[in-house]
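Colleague: Sharing run-v8.cif here; it has mmCIF, C-alpha atoms.
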data_work
#
loop_
_atom_site.label_atom_id
_atom_site.label_comp_id
_atom_site.auth_asym_id
_atom_site.auth_seq_id
_atom_site.Cartn_x
_atom_site.Cartn_y
_atom_site.Cartn_z
CA MET A 90 100.05 131.26 101.06
CA ARG A 91 100.34 131.75 97.32
CA GLY A 92 98.93 128.34 96.48
CA ASP A 93 96.02 128.78 98.88
CA SER A 94 95.04 132.18 97.51
CA PHE A 95 95.28 130.88 93.94
CA SER A 96 92.89 128.04 94.71
CA GLY A 97 90.50 130.34 96.53
CA ALA A 98 90.37 132.81 93.68
CA LEU A 99 89.38 130.13 91.15
CA ALA A 100 87.51 127.49 93.12
CA VAL A 101 84.13 128.84 92.08
CA CYS A 102 84.76 127.84 88.46
CA PRO A 103 85.25 124.07 87.95
CA GLY A 104 86.53 124.57 84.41
CA SER A 105 89.03 127.25 85.43
CA LEU A 106 92.74 127.02 86.16
CA ASP A 107 91.89 125.53 89.55
CA GLY A 108 90.52 122.50 87.76
CA LEU A 109 93.62 122.43 85.63
CA LYS A 110 95.74 122.33 88.77
CA GLY A 111 94.44 118.91 89.67
CA ARG A 112 95.15 117.52 86.21
CA LEU A 113 98.76 118.66 85.96
CA ALA A 114 101.61 116.49 87.21
CA PRO A 115 103.31 117.72 90.41
CA SER A 116 106.58 118.15 88.52
CA ILE A 117 104.89 120.54 86.08
CA TYR A 118 102.65 122.55 88.39
CA PRO A 119 103.13 125.28 89.56
CA ASP A 120 106.41 126.38 87.93
CA VAL A 121 105.50 125.94 84.26
CA LEU A 122 102.02 127.35 84.83
CA ALA A 123 103.42 130.45 86.58
CA LEU A 124 105.95 131.06 83.81
CA THR A 125 103.33 130.50 81.10
CA LEU A 126 100.93 132.97 82.71
CA SER A 127 103.61 135.63 83.20
CA PHE A 128 104.94 135.14 79.65
CA GLY A 129 101.40 135.51 78.32
CA ALA A 130 101.10 138.72 80.33
CA SER A 131 104.27 140.04 78.68
CA LEU A 132 102.92 139.24 75.22
CA ALA A 133 99.65 141.04 75.94
CA TRP A 134 101.33 144.04 77.61
CA GLY A 135 103.85 144.43 74.79
CA SER A 136 101.12 144.39 72.15
CA ALA A 137 98.96 146.84 74.11
CA ASP A 138 101.90 149.22 74.58
CA PHE A 139 102.66 149.24 70.87
CA LEU A 140 99.05 150.02 69.96
CA ALA A 141 98.87 152.68 72.67
CA GLY A 142 102.06 154.32 71.43
CA LEU A 143 100.54 154.63 67.97
CA GLU A 144 97.25 156.01 69.31
CA CYS A 145 99.08 158.55 71.50
CA ARG A 146 100.67 159.96 68.35
CA ARG A 147 97.18 160.79 67.03
CA ARG A 148 95.23 161.52 70.22
CA THR A 149 96.01 163.09 73.58
CA MET A 150 97.64 160.68 76.01
CA LEU A 151 94.92 161.11 78.66
CA SER A 152 92.23 160.32 76.09
CA VAL A 153 93.95 157.09 75.08
CA MET A 154 94.64 156.06 78.68
CA LEU A 155 91.19 156.83 80.08
CA VAL A 156 89.14 155.33 77.25
CA SER A 157 91.28 152.19 76.99
CA GLN A 158 91.34 151.68 80.76
CA PHE A 159 87.57 152.16 80.95
CA ALA A 160 87.12 149.68 78.10
CA GLY A 161 89.23 147.20 80.07
CA VAL A 162 86.96 147.58 83.10
CA VAL A 163 83.82 147.00 81.02
CA LEU A 164 85.32 143.89 79.43
CA PHE A 165 86.74 142.47 82.68
CA LEU A 166 84.02 143.26 85.24
CA PRO A 167 81.72 140.33 84.33
CA PHE A 168 84.61 137.86 84.68
CA MET A 169 85.60 139.32 88.05
CA LEU A 170 82.05 139.09 89.42
CA LEU A 171 81.40 135.58 88.06
CA LEU A 172 84.76 133.94 88.78
CA GLY A 173 86.29 136.04 91.55
CA GLY A 174 84.45 134.48 94.49
CA MET A 175 83.82 136.53 97.64
CA PRO A 176 85.31 140.05 97.78
CA PRO A 177 88.60 140.23 99.72
CA GLN A 178 89.15 141.95 103.06
CA PRO A 179 89.61 145.75 102.99
CA GLY A 180 93.38 145.47 103.38
CA TYR A 181 93.70 143.57 100.12
CA ALA A 182 91.40 146.07 98.41
CA LEU A 183 93.65 148.93 99.54
CA LEU A 184 96.69 147.12 98.18
CA GLY A 185 94.89 146.70 94.87
CA MET A 186 94.11 150.43 94.83
CA LEU A 187 97.76 151.24 95.57
CA ALA A 188 98.75 148.99 92.67
CA GLY A 189 96.33 150.91 90.44
CA LEU A 190 97.82 154.27 91.42
CA LEU A 191 101.38 153.07 90.75
CA TYR A 192 100.24 151.57 87.46
CA VAL A 193 98.85 154.90 86.26
CA ILE A 194 102.19 156.57 87.03
CA GLY A 195 104.12 153.91 85.15
CA LEU A 196 101.67 153.75 82.26
CA GLY A 197 101.55 157.52 81.83
CA ALA A 198 105.34 157.75 81.64
CA LEU A 199 105.53 154.78 79.26
CA TYR A 200 102.83 156.00 76.87
CA ARG A 201 104.33 159.50 76.82
CA GLY A 202 107.75 158.04 76.07
CA LEU A 203 106.43 155.70 73.37
CA ALA A 204 104.51 158.52 71.71
CA GLY A 205 107.31 161.10 71.77
CA GLY A 206 110.47 159.03 71.60
CA THR A 207 111.84 155.83 70.08
CA MET A 208 109.87 152.75 71.12
CA GLY A 209 112.98 150.59 70.92
CA ILE A 210 114.60 152.69 73.67
CA VAL A 211 111.71 153.59 75.98
CA ALA A 212 110.10 150.15 76.26
CA PRO A 213 113.27 148.22 77.27
CA ILE A 214 114.15 150.79 79.94
CA ALA A 215 110.67 150.46 81.40
CA ALA A 216 111.29 146.71 81.64
CA THR A 217 114.03 147.25 84.19
CA ASP A 218 111.09 147.31 86.62
CA ALA A 219 111.96 143.62 87.05
CA ILE A 220 114.71 144.71 89.44
CA VAL A 221 112.12 145.86 91.99
CA PRO A 222 110.14 142.58 92.42
CA VAL A 223 113.35 140.53 92.21
CA THR A 224 114.91 142.53 95.03
CA PHE A 225 111.71 142.50 97.08
CA GLY A 226 111.28 138.76 96.63
CA LEU A 227 114.83 138.04 97.75
CA LEU A 228 114.46 140.30 100.78
CA ALA A 229 111.19 138.53 101.62
CA GLY A 230 113.02 135.20 101.84
CA GLU A 231 112.54 133.67 98.39
CA HIS A 232 115.36 131.32 97.36
CA PRO A 233 115.50 130.69 93.59
CA SER A 234 118.05 128.14 92.35
CA LEU A 235 121.47 129.23 91.08
CA VAL A 236 120.40 128.61 87.48
CA VAL A 237 117.32 130.78 87.99
CA MET A 238 119.44 133.51 89.56
CA LEU A 239 121.79 133.36 86.58
CA GLY A 240 118.81 133.64 84.23
CA ILE A 241 117.48 136.63 86.16
CA ALA A 242 120.86 138.37 85.96
CA VAL A 243 121.22 137.72 82.22
CA ALA A 244 117.64 138.81 81.44
CA VAL A 245 117.80 142.02 83.47
CA GLY A 246 121.30 142.75 82.17
CA GLY A 247 120.11 142.33 78.60
CA VAL A 248 117.26 144.77 79.13
CA VAL A 249 119.66 147.30 80.67
CA VAL A 250 121.99 146.97 77.66
CA VAL A 251 119.10 147.69 75.31
CA ALA A 252 118.13 150.65 77.45
CA VAL A 253 121.51 152.41 77.49
CA ALA A 254 122.58 151.54 73.96
CA GLY A 255 120.98 154.60 72.42
CA ASP A 256 120.14 154.98 68.76
CA GLU A 257 123.49 155.79 67.18
CA HIS A 258 122.60 154.95 63.59
CA SER A 259 119.52 157.08 63.08
CA GLU A 260 119.00 160.83 63.13
CA ARG A 261 116.38 162.03 65.55
CA GLN A 262 113.45 163.83 63.97
CA ALA A 263 112.84 167.40 65.07
CA ASP A 264 109.51 166.55 66.70
CA ARG A 265 110.79 163.50 68.59
CA ASP A 266 112.22 163.34 72.11
CA SER A 267 115.95 163.27 72.70
CA HIS A 268 117.59 160.06 73.91
CA ALA A 269 117.99 161.50 77.42
CA ARG A 270 114.31 162.44 77.61
CA SER A 271 113.27 159.00 76.39
CA VAL A 272 115.48 157.41 79.06
CA ALA A 273 113.91 159.62 81.76
CA PHE A 274 110.36 158.58 80.84
CA GLY A 275 111.49 154.95 80.74
CA LEU A 276 112.99 155.16 84.24
CA ILE A 277 109.82 156.73 85.68
CA ALA A 278 107.80 153.96 84.06
CA ALA A 279 110.14 151.33 85.51
CA ALA A 280 109.73 152.71 89.04
CA GLY A 281 105.95 152.83 88.73
CA PHE A 282 105.64 149.36 87.24
CA GLY A 283 108.06 147.85 89.75
CA GLY A 284 105.99 149.14 92.67
CA PHE A 285 102.81 148.01 90.89
CA VAL A 286 104.09 144.42 90.60
CA VAL A 287 104.95 144.23 94.31
CA ALA A 288 101.60 145.74 95.37
CA LEU A 289 99.66 143.50 92.97
CA ASP A 290 101.43 140.43 94.34
CA ALA A 291 100.35 141.35 97.88
CA ALA A 292 96.80 142.20 96.79
CA SER A 293 96.46 138.90 94.87
CA ALA A 294 96.69 136.97 98.14
CA GLY A 295 93.08 138.04 98.67
CA GLY A 296 91.99 136.92 95.19
CA ALA A 297 93.82 137.44 91.92
CA LEU A 298 90.80 138.52 89.86
CA TRP A 299 89.64 140.97 92.51
CA ALA A 300 93.15 142.41 92.71
CA ALA A 301 93.18 143.00 88.96
CA GLY A 302 89.71 144.56 89.14
CA TYR A 303 90.56 146.95 91.99
CA THR A 304 93.72 147.94 90.12
CA ARG A 305 91.81 148.84 86.98
CA LEU A 306 88.94 150.62 88.77
CA THR A 307 91.47 152.79 90.61
CA SER A 308 93.34 153.63 87.41
CA VAL A 309 90.09 154.74 85.73
CA LEU A 310 89.17 156.90 88.75
CA VAL A 311 92.61 158.55 88.90
CA LEU A 312 92.67 159.21 85.16
CA GLY A 313 89.13 160.60 85.24
CA LEU A 314 90.10 163.02 88.02
CA GLY A 315 93.20 163.98 86.04
CA VAL A 316 91.12 164.80 82.97
CA ILE A 317 88.77 166.97 85.04
CA ALA A 318 91.61 168.73 86.88
CA MET A 319 93.47 169.53 83.64
CA GLY A 320 90.31 170.56 81.82
CA GLN A 321 91.11 168.34 78.85
CA ARG A 322 88.60 167.14 76.31
CA ILE A 323 88.35 163.43 75.58
CA GLU A 324 89.10 162.98 71.90
CA PHE A 325 87.36 159.89 70.67
CA ALA A 326 86.24 159.03 67.12
CA ARG A 327 84.39 155.98 65.87
CA ARG A 328 87.48 154.68 64.08
CA ASP A 329 89.31 154.62 67.43
CA THR A 330 86.85 152.14 68.94
CA LEU A 331 88.56 148.93 67.89
CA PRO A 332 92.16 149.98 68.74
CA LEU A 333 91.16 151.33 72.16
CA LEU A 334 89.10 148.24 72.93
CA ALA A 335 92.10 146.13 71.94
CA ILE A 336 94.42 148.16 74.18
CA GLY A 337 92.05 147.95 77.14
CA GLY A 338 91.34 144.23 76.67
CA LEU A 339 95.01 143.28 76.25
CA ASP A 340 96.05 145.43 79.21
CA ILE A 341 93.51 144.13 81.73
CA GLY A 342 94.01 140.59 80.43
CA ALA A 343 97.74 140.90 81.05
CA THR A 344 97.12 142.23 84.56
CA ALA A 345 94.84 139.29 85.38
CA LEU A 346 97.33 136.76 83.97
CA PHE A 347 100.17 138.26 85.95
CA ALA A 348 98.10 138.42 89.15
CA LEU A 349 97.39 134.70 88.78
CA ALA A 350 101.07 134.03 88.10
CA THR A 351 102.13 135.74 91.34
CA THR A 352 99.86 133.44 93.35
CA THR A 353 101.54 130.26 92.12
CA GLY A 354 105.19 131.21 91.47
CA LEU A 355 108.06 133.09 93.06
CA LEU A 356 107.71 136.86 92.64
CA SER A 357 111.44 137.14 91.88
CA VAL A 358 110.99 134.79 88.90
CA VAL A 359 107.58 135.70 87.45
CA GLY A 360 108.54 139.36 87.83
CA VAL A 361 111.28 138.86 85.25
CA PHE A 362 109.05 136.92 82.85
CA GLY A 363 106.35 139.56 83.21
CA SER A 364 108.90 142.23 82.25
CA LEU A 365 109.74 140.78 78.84
CA TYR A 366 106.97 142.83 77.22
CA PRO A 367 109.40 145.30 75.55
CA VAL A 368 110.64 142.48 73.33
CA PHE A 369 107.21 142.29 71.71
CA THR A 370 106.87 146.08 71.55
CA VAL A 371 110.26 146.36 69.83
CA LEU A 372 109.45 143.53 67.40
CA LEU A 373 106.17 145.16 66.42
CA ALA A 374 107.94 148.52 66.00
CA MET A 375 110.50 146.85 63.73
CA VAL A 376 107.85 145.18 61.57
CA VAL A 377 105.21 147.93 61.41
CA LEU A 378 107.21 151.15 61.84
CA ARG A 379 110.47 149.90 60.32
CA GLU A 380 112.44 150.96 63.41
CA GLN A 381 115.95 149.50 63.27
CA PRO A 382 117.57 148.71 66.63
CA THR A 383 121.34 148.98 66.81
CA VAL A 384 123.57 145.91 66.99
CA THR A 385 124.00 146.50 70.73
CA GLN A 386 120.26 146.67 71.23
CA ARG A 387 119.82 143.43 69.30
CA MET A 388 122.42 141.77 71.53
CA GLY A 389 120.64 143.05 74.63
CA THR A 390 117.30 141.71 73.41
CA GLY A 391 118.92 138.35 72.71
CA ALA A 392 120.38 138.29 76.21
CA ALA A 393 116.97 139.03 77.73
CA LEU A 394 115.45 136.10 75.84
CA ALA A 395 118.39 133.84 76.77
CA GLY A 396 117.88 134.70 80.44
CA ALA A 397 114.20 133.87 80.15
CA LEU A 398 115.07 130.49 78.61
CA LEU A 399 117.48 129.76 81.48
CA ILE A 400 114.72 130.45 83.99
CA ALA A 401 112.28 128.25 82.08
CA ALA A 402 114.82 125.42 81.73
CA ALA A 403 115.48 125.45 85.46
#
Can you turn what I pasted into structure tokens?

Modeller:
Amino acid sequence: MRGDSFSGALAVCPGSLDGLKGRLAPSIYPDVLALTLSFGASLAWGSADFLAGLECRRRTMLSVMLVSQFAGVVLFLPFMLLLGGMPPQPGYALLGMLAGLLYVIGLGALYRGLAGGTMGIVAPIAATDAIVPVTFGLLAGEHPSLVVMLGIAVAVGGVVVVAVAGDEHSERQADRDSHARSVAFGLIAAAGFGGFVVALDAASAGGALWAAGYTRLTSVLVLGLGVIAMGQRIEFARRDTLPLLAIGGLDIGATALFALATTTGLLSVVGVFGSLYPVFTVLLAMVVLREQPTVTQRMGTGAALAGALLIAAA
């Protein structure tokens, strides 16, 4: 089913990944392609989250979310219409909308946590969302190899270690969230993102690009209604244009990459690779903001990367 939906989503574009499928050796496709796509999604998500965390410290969270999500729709819509093929059946559209709703919940909790707490704590906790697609995939009958299962356990365990390690060596600023509050936002984000991944996987069976598009359109609609209901003003200056465009473009690009990955690889495996985004958020926070993770957090990050390498090697 996954292979068929992947081909259908891309068959209208001869130069697309569908054309690449025929040129790759059977031993390489689809595993390496699925892992590459999901790893690329993690890189894009991690970078978008870092930029969004910075913007949320200067602007209201709803302003950042709505404008960046709308920018993502504007950038992605032409690709969806040109390369997406025929629209999917209503059931797949509803699954895409459900994914969008869950994504808003996860994204709101993540951005709030990144803006008010320590990025090196909030982002890794949010990445425990990998537990949800792994569990769902196993219950659905997926059978990864023992090496892959070991890699999954090491990667998820590493993220959990980073999440619970705390920030023992730095004093919390008066205007920053406590460790417990940061953990709470991270857990809410993990639950929302985990459900989003499962729903997006199901929606992608009707076309990966359409699934990503329905997800983003729903998120914009929900955020727009939230702004109206809360009576908030959208704060947007000219200097914010480039960062918000970058956030929106990276975010929708990551969603599209991950949707494609779910159509050609096991959900239990690509779900873990797609959840490595906190590594990039933490690295950017270390370089740009001079945040210093504890030794335990560094060990957890290393374990997450080691688990990812085990999965790739298998």

Colleague: What's around Ala288 (chain A) at 7 Å? Count all atoms listed in the file, leave out sequence neighbours fewer than 5 positions away in its own chain, and write the answer as an NGL selection string.

Modeller: :A and (184-185 or 187-188)

Colleague: Any idea what's packed within 10 Å of region 324-328 of chain A, counting all atoms listed in the file, ignoring anything in its chain fewer than 2 positions away? Could you give it as a PyMOL selection string?

Modeller: chain A and resi 147-153+156+321-322+330-333

Colleague: Using only C-alpha atoms, determine which residues lie at most 10 Å from Thr307 (chain A), disregarding the query and same-chain residues fewer than 5 positions distant; provide the list as a list in words.

Modeller: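 Those residues are Gln158, Leu183, Gly185, Met186, Leu187, Ala188, Gly189, Leu190, Leu191, Tyr192, Val193, Gly302, Leu312 and Gly313 of chain A.
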
Colleague: Using only C-alpha atoms, can you list as a list of chain:residue names the residues within 6 Å of (102.8, 136.2, 90.0)?

Modeller: A:Phe347, A:Ala348, A:Leu349, A:Ala350, A:Thr351, A:Thr352, A:Gly354, A:Leu356, A:Val359

Colleague: Residue by residue, what does the PyMOL selection byres ((chain A and resi 363) around 6) grab here? Present the result as a JSON list (two decimals) with C-alpha atoms, in the coordinates of the input.

Modeller:
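Result file follows (result_2.json):
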[["chain", "number", "residue", "atom", "x", "y", "z"],
["A", 127, "SER", "CA", 103.61, 135.63, 83.20],
["A", 128, "PHE", "CA", 104.94, 135.14, 79.65],
["A", 131, "SER", "CA", 104.27, 140.04, 78.68],
["A", 359, "VAL", "CA", 107.58, 135.70, 87.45],
["A", 360, "GLY", "CA", 108.54, 139.36, 87.83],
["A", 361, "VAL", "CA", 111.28, 138.86, 85.25],
["A", 362, "PHE", "CA", 109.05, 136.92, 82.85],
["A", 364, "SER", "CA", 108.90, 142.23, 82.25],
["A", 365, "LEU", "CA", 109.74, 140.78, 78.84]]

Colleague: Would you tabulate, counting only C-alpha atoms, all residues of region 266-371 of chain A that have an atom at most 12 Å from an atom of region 215-232 of chain A, showing the closest pair of atoms and their distance in Å to one decimal, sorted by chain then ascending number, as JSON lines?

Modeller:
{"residue": "A:Ser271", "atom": "CA", "partner": "A:Ala215", "partner_atom": "CA", "distance": 10.2}
{"residue": "A:Val272", "atom": "CA", "partner": "A:Ala215", "partner_atom": "CA", "distance": 8.8}
{"residue": "A:Ala273", "atom": "CA", "partner": "A:Ala215", "partner_atom": "CA", "distance": 9.7}
{"residue": "A:Phe274", "atom": "CA", "partner": "A:Ala215", "partner_atom": "CA", "distance": 8.1}
{"residue": "A:Gly275", "atom": "CA", "partner": "A:Ala215", "partner_atom": "CA", "distance": 4.6}
{"residue": "A:Leu276", "atom": "CA", "partner": "A:Ala215", "partner_atom": "CA", "distance": 6.0}
{"residue": "A:Ile277", "atom": "CA", "partner": "A:Ala215", "partner_atom": "CA", "distance": 7.6}
{"residue": "A:Ala278", "atom": "CA", "partner": "A:Ala215", "partner_atom": "CA", "distance": 5.3}
{"residue": "A:Ala279", "atom": "CA", "partner": "A:Ala215", "partner_atom": "CA", "distance": 4.2}
{"residue": "A:Ala280", "atom": "CA", "partner": "A:Asp218", "partner_atom": "CA", "distance": 6.1}
{"residue": "A:Gly281", "atom": "CA", "partner": "A:Asp218", "partner_atom": "CA", "distance": 7.8}
{"residue": "A:Phe282", "atom": "CA", "partner": "A:Asp218", "partner_atom": "CA", "distance": 5.9}
{"residue": "A:Gly283", "atom": "CA", "partner": "A:Asp218", "partner_atom": "CA", "distance": 4.4}
{"residue": "A:Gly284", "atom": "CA", "partner": "A:Val221", "partner_atom": "CA", "distance": 7.0}
{"residue": "A:Phe285", "atom": "CA", "partner": "A:Pro222", "partner_atom": "CA", "distance": 9.2}
{"residue": "A:Val286", "atom": "CA", "partner": "A:Pro222", "partner_atom": "CA", "distance": 6.6}
{"residue": "A:Val287", "atom": "CA", "partner": "A:Pro222", "partner_atom": "CA", "distance": 5.8}
{"residue": "A:Ala288", "atom": "CA", "partner": "A:Pro222", "partner_atom": "CA", "distance": 9.6}
{"residue": "A:Leu289", "atom": "CA", "partner": "A:Pro222", "partner_atom": "CA", "distance": 10.5}
{"residue": "A:Asp290", "atom": "CA", "partner": "A:Pro222", "partner_atom": "CA", "distance": 9.2}
{"residue": "A:Ala291", "atom": "CA", "partner": "A:Pro222", "partner_atom": "CA", "distance": 11.3}
{"residue": "A:Thr351", "atom": "CA", "partner": "A:Pro222", "partner_atom": "CA", "distance": 10.6}
{"residue": "A:Gly354", "atom": "CA", "partner": "A:Glu231", "partner_atom": "CA", "distance": 10.4}
{"residue": "A:Leu355", "atom": "CA", "partner": "A:Glu231", "partner_atom": "CA", "distance": 7.0}
{"residue": "A:Leu356", "atom": "CA", "partner": "A:Gly226", "partner_atom": "CA", "distance": 5.7}
{"residue": "A:Ser357", "atom": "CA", "partner": "A:Val223", "partner_atom": "CA", "distance": 3.9}
{"residue": "A:Val358", "atom": "CA", "partner": "A:Val223", "partner_atom": "CA", "distance": 7.0}
{"residue": "A:Val359", "atom": "CA", "partner": "A:Pro222", "partner_atom": "CA", "distance": 8.9}
{"residue": "A:Gly360", "atom": "CA", "partner": "A:Ala219", "partner_atom": "CA", "distance": 5.5}
{"residue": "A:Val361", "atom": "CA", "partner": "A:Ala219", "partner_atom": "CA", "distance": 5.1}
{"residue": "A:Phe362", "atom": "CA", "partner": "A:Ala219", "partner_atom": "CA", "distance": 8.4}
{"residue": "A:Gly363", "atom": "CA", "partner": "A:Ala219", "partner_atom": "CA", "distance": 7.9}
{"residue": "A:Ser364", "atom": "CA", "partner": "A:Ala216", "partner_atom": "CA", "distance": 5.1}
{"residue": "A:Leu365", "atom": "CA", "partner": "A:Ala216", "partner_atom": "CA", "distance": 6.7}
{"residue": "A:Tyr366", "atom": "CA", "partner": "A:Ala216", "partner_atom": "CA", "distance": 7.3}
{"residue": "A:Pro367", "atom": "CA", "partner": "A:Ala216", "partner_atom": "CA", "distance": 6.5}
{"residue": "A:Val368", "atom": "CA", "partner": "A:Ala216", "partner_atom": "CA", "distance": 9.3}
{"residue": "A:Phe369", "atom": "CA", "partner": "A:Ala216", "partner_atom": "CA", "distance": 11.6}
{"residue": "A:Thr370", "atom": "CA", "partner": "A:Ala216", "partner_atom": "CA", "distance": 11.0}
{"residue": "A:Val371", "atom": "CA", "partner": "A:Ala216", "partner_atom": "CA", "distance": 11.9}
